[in-house]
Amino acid sequence: MWGANMGSSIATFMFLYAMFKQYVPYQLKEHIEKYAQRILGFISPYIEITVHEYTGERFKRSEAYIAIKTYLGANSSKQAKRLKADVGKTSSNLVLSMDDYEEVTDEYQGVQFWWTSRKTFSSKQSISFYPTDADDNRFYKLTFHRRHRGLATDSYLNYVLEEGKAIEVKSRQRKLFTNNPSNNWYGYKKSVWSHVVFDHPSTFQTLAMDVEKKKDIIDDLTAFSKGKDFYAKVGKAWKRGYLLYGPPGTGKSTMIAAIANFLDYDIYDLELTGVKDNTELRKLLIETTNKSIVVIEDIDCSLDLTGQRKKKTEEEAKEGEDPITKKAKQDASPGDSKVTLSGLLNFIDGLWSACGGERLIIFTTNYVEKLDPALIRRGRMDKHIELSYCSFGAFKVLAKNYLDLDSHHLFDPVRELLDETQITPADVAENLMPRATVENSADHCLESLIQALKNTKEEARLKTEKEKAEKEEARLKEEKETKERELSNKESTTNEAKEICSTPLEEKESSTKSN
Ligand SMILES: Nc1ncnc2c1ncn2[C@@H]1O[C@H](COP(=O)(O)OP(=O)(O)OP(=O)(O)O)[C@@H](O)[C@H]1O
Ligand SMILES: [Mg+2]
């Protein structure tokens, strides 16, 4: 059917087809095609399956079409004579795909499958203000012998889709998304997220933290990313929550970038203060893709998550209203347009959170103790990771990264000082930045780090002393006040007693009589 000797017949066919398209009126053409297909269907032993570029939703390209396009692009570039080259949306390289009406043969388990790419023109006479080629209805047509029907529908098509998606994942550039304000969500370029290419150089290798702690996190992430079957088996949605907490500059954001690079996931950086209400939050969640990390930084500053739940429970108890009625009222009231804790909890592990899979949710905070326990209980935030002040292990990673040093005679004093001082990895890193103009840059950096550590130690000592002095002062003040209070109490009691004793006898009698 597709042999080389068919070349001239195809050329003739193409010519006749072009004539047919040009001269036969549209309505007649449709009828002829319809009946020709039916007759062919009776006599042909071949089965055809078409996959259209746009199905249902006008602006959303079919995922199957994109996967097939990628698969055929990768496999047909050696076979097809006419290819289209384009800069992919997710890549800066040229992406090749089969041109329209091109045909290629694919072999799977010893069986041949034929793919053609086609397009039809929309019959609608419409004028569009926007540059779109969606009026050309493109589709792929798969042809195979009817005796391979089972193989094609049960396994070959799935294989093509999975391969196509895998190629896409490998060749794509990762993205960093941020949520748009909701008044930009509608119109031609409707989009709830906008993105840039994610190109952060942080990796677990460059992340300064204790080796064992780092290994534990890497193992956890690996188990998660390979855990599709496990999650299905235990009936859990394929997602995991991480809570990163610690003082500013200890590497929380750096770790998120390292995780994204390690897993090869996109990042959705969710700015909660820009989300109007819980409905919008849900919409944002639905629009995230698989293999992604949803990040909410500084969760304690994003929402009043501390007392809301308690306050609500108190109110409910006061009014004796059941929570469902209360929630219905809240949802209905347009004035109450803020994301609530319960909305956020639903976002993390409500029913909607299970749409799609392979998603990490990461919260960061400087003040873990401020968060509502409901938000960070296991199951929501499965792993709590404390990023703390720089340890000697973390320092060694930084020394290797910044100065390419594994050991140095100044490491010992650094270790001693680190044991006694609280300094962030960000401050250590700043001191280890090599100075191009200085000779023996490594020595210079370590010396300046030692000086910084000494300064920090001294500052901490002075601060502790000051605090101690302030406490002592407060204690003495309180002691003095208590003594003064006691003295004045004593004095007033004595005065009262004196007054009673000094009252004349007649006065006392007359007052007793009158009573
Ligand atoms: N553990 C670390 N490993 C490597 N570099 C680090 C680490 N911690 C901090 N740094 C360096 O310090 C800078 C600040 O770190 P980062 O932004 O990750 O801190 P953070 O914990 O997110 O702080 P904040 O709470 O203020 O958001 C980074 O640019 C990074 O170079
Ligand atoms: Mg940060």
# chains A, B, ... in the order shown; residues from 1 in each chain; ligands from 1
>>> closest_atom_pairs(of="chain A", to="ligand 1", cutoff="8 Å", atoms="only C-alpha atoms and all ligand atoms", output="Markdown table")
| residue | atom | partner | partner_atom_place_in_ligand_line | distance |
| --- | --- | --- | --- | --- |
| A:Ser202 | CA | ligand 1 | 4 (C) | 7.8 |
| A:Thr206 | CA | ligand 1 | 4 (C) | 6.0 |
| A:Leu207 | CA | ligand 1 | 3 (N) | 3.8 |
| A:Ala208 | CA | ligand 1 | 3 (N) | 3.6 |
| A:Met209 | CA | ligand 1 | 1 (N) | 5.5 |
| A:Tyr245 | CA | ligand 1 | 21 (O) | 7.8 |
| A:Gly246 | CA | ligand 1 | 21 (O) | 6.6 |
| A:Pro247 | CA | ligand 1 | 25 (O) | 5.8 |
| A:Pro248 | CA | ligand 1 | 25 (O) | 3.4 |
| A:Gly249 | CA | ligand 1 | 19 (O) | 3.5 |
| A:Thr250 | CA | ligand 1 | 8 (N) | 4.0 |
| A:Gly251 | CA | ligand 1 | 8 (N) | 3.2 |
| A:Lys252 | CA | ligand 1 | 21 (O) | 3.8 |
| A:Ser253 | CA | ligand 1 | 22 (O) | 3.8 |
| A:Thr254 | CA | ligand 1 | 18 (O) | 3.8 |
| A:Met255 | CA | ligand 1 | 18 (O) | 6.5 |
| A:Glu297 | CA | ligand 1 | 27 (O) | 7.5 |
| A:Asp298 | CA | ligand 1 | 27 (O) | 7.3 |
| A:Thr364 | CA | ligand 1 | 25 (O) | 7.6 |
| A:Thr365 | CA | ligand 1 | 25 (O) | 6.7 |
| A:Asn366 | CA | ligand 1 | 25 (O) | 5.8 |
| A:Leu387 | CA | ligand 1 | 21 (O) | 7.3 |
| A:Cys390 | CA | ligand 1 | 1 (N) | 7.6 |
| A:Ala394 | CA | ligand 1 | 1 (N) | 6.9 |
| A:Val397 | CA | ligand 1 | 3 (N) | 7.9 |
| A:Leu398 | CA | ligand 1 | 4 (C) | 6.6 |
| A:Thr424 | CA | ligand 1 | 8 (N) | 6.8 |
| A:Pro425 | CA | ligand 1 | 8 (N) | 4.5 |
| A:Ala426 | CA | ligand 1 | 12 (O) | 3.4 |
| A:Asp427 | CA | ligand 1 | 12 (O) | 7.0 |
| A:Ala429 | CA | ligand 1 | 11 (C) | 6.1 |
| A:Glu430 | CA | ligand 1 | 12 (O) | 7.8 |
>>> write_last_selection(atoms="C-alpha atoms", output="PDB file, in the first residue's frame")
ATOM      1  CA  SER A 202      20.962  25.151  42.866  1.00  0.00           C
ATOM      2  CA  THR A 206      25.628  22.660  46.174  1.00  0.00           C
ATOM      3  CA  LEU A 207      23.118  22.800  49.023  1.00  0.00           C
ATOM      4  CA  ALA A 208      24.865  23.214  52.346  1.00  0.00           C
ATOM      5  CA  MET A 209      23.444  20.941  54.993  1.00  0.00           C
ATOM      6  CA  TYR A 245      11.105  26.092  58.353  1.00  0.00           C
ATOM      7  CA  GLY A 246      13.987  28.021  59.811  1.00  0.00           C
ATOM      8  CA  PRO A 247      15.431  31.520  60.194  1.00  0.00           C
ATOM      9  CA  PRO A 248      15.918  33.785  57.153  1.00  0.00           C
ATOM     10  CA  GLY A 249      18.931  32.906  54.997  1.00  0.00           C
ATOM     11  CA  THR A 250      19.144  29.239  55.939  1.00  0.00           C
ATOM     12  CA  GLY A 251      18.369  27.966  52.447  1.00  0.00           C
ATOM     13  CA  LYS A 252      14.632  27.282  52.243  1.00  0.00           C
ATOM     14  CA  SER A 253      14.158  28.831  48.795  1.00  0.00           C
ATOM     15  CA  THR A 254      17.490  27.382  47.672  1.00  0.00           C
ATOM     16  CA  MET A 255      16.293  23.930  48.676  1.00  0.00           C
ATOM     17  CA  GLU A 297       6.476  30.877  50.680  1.00  0.00           C
ATOM     18  CA  ASP A 298       6.213  32.505  54.090  1.00  0.00           C
ATOM     19  CA  THR A 364       8.059  27.720  53.949  1.00  0.00           C
ATOM     20  CA  THR A 365       7.983  29.717  57.140  1.00  0.00           C
ATOM     21  CA  ASN A 366      10.308  31.477  59.543  1.00  0.00           C
ATOM     22  CA  LEU A 387      16.828  24.450  57.971  1.00  0.00           C
ATOM     23  CA  CYS A 390      25.326  26.638  59.582  1.00  0.00           C
ATOM     24  CA  ALA A 394      27.203  22.543  55.889  1.00  0.00           C
ATOM     25  CA  VAL A 397      29.924  21.908  51.423  1.00  0.00           C
ATOM     26  CA  LEU A 398      30.169  25.687  51.032  1.00  0.00           C
ATOM     27  CA  THR A 424      23.284  31.457  58.643  1.00  0.00           C
ATOM     28  CA  PRO A 425      24.652  29.629  55.572  1.00  0.00           C
ATOM     29  CA  ALA A 426      23.856  32.841  53.649  1.00  0.00           C
ATOM     30  CA  ASP A 427      26.335  34.791  55.831  1.00  0.00           C
ATOM     31  CA  ALA A 429      28.551  31.954  51.800  1.00  0.00           C
ATOM     32  CA  GLU A 430      28.962  35.720  51.601  1.00  0.00           C
TER      33      GLU A 430
END
>>> residues_around(residues="A:Asn75", least_positions_apart="4", cutoff="12 Å", atoms="only C-alpha atoms", output="ChimeraX atom specification")
/A:68-71,79-80,83,96-98,104-107,115,160,163-164,167
>>> residues_around(residues="A:Ser448", least_positions_apart="6", cutoff="10 Å", atoms="only C-alpha atoms", output="list in words")
Val428, Asn431, Leu432, Ala442 and Lys454 of chain A
>>> residues_around(residues="A:Cys301", least_positions_apart="4", cutoff="12 Å", atoms="only C-alpha atoms", output="list in words")
Glu271, Leu272, Thr273, Ile296, Glu297, Leu305, Thr306, Phe363, Thr364, Thr365, Asn366, Tyr367, Val368, Lys370 and Leu371 of chain A
>>> atom_distance(atom1="atom CA of A:Asp264", atom2="atom CA of A:Leu360")
12.0 Å
>>> atom_distance(atom1="atom CA of A:Glu287", atom2="atom CA of A:Phe347")
12.5 Å
>>> residues_around(residues="A:Lys291", least_positions_apart="2", cutoff="12 Å", atoms="only C-alpha atoms", output="JSON, numbers by chain")
{"A": [165, 166, 169, 174, 175, 224, 225, 226, 228, 238, 239, 240, 259, 260, 261, 262, 263, 264, 265, 266, 267, 268, 288, 289, 293, 294, 356, 357, 358, 359, 360, 361]}
>>> atom_distance(atom1="atom CA of A:Ile299", atom2="atom CA of A:Leu270")
10.3 Å
>>> closest_residue(among="A:Glu280, A:Asp216, A:Asp269, A:Glu33", to="ligand 2", atoms="only C-alpha atoms and all ligand atoms")
A:Asp269
>>> closest_residue(among="A:Lys463, A:Val295, A:Asn455, A:Thr482", to="ligand 2", atoms="only C-alpha atoms and all ligand atoms")
A:Val295
>>> closest_residue(among="A:Leu244, A:Leu462, A:Leu151, A:Gln205", to="ligand 2", atoms="only C-alpha atoms and all ligand atoms")
A:Leu244
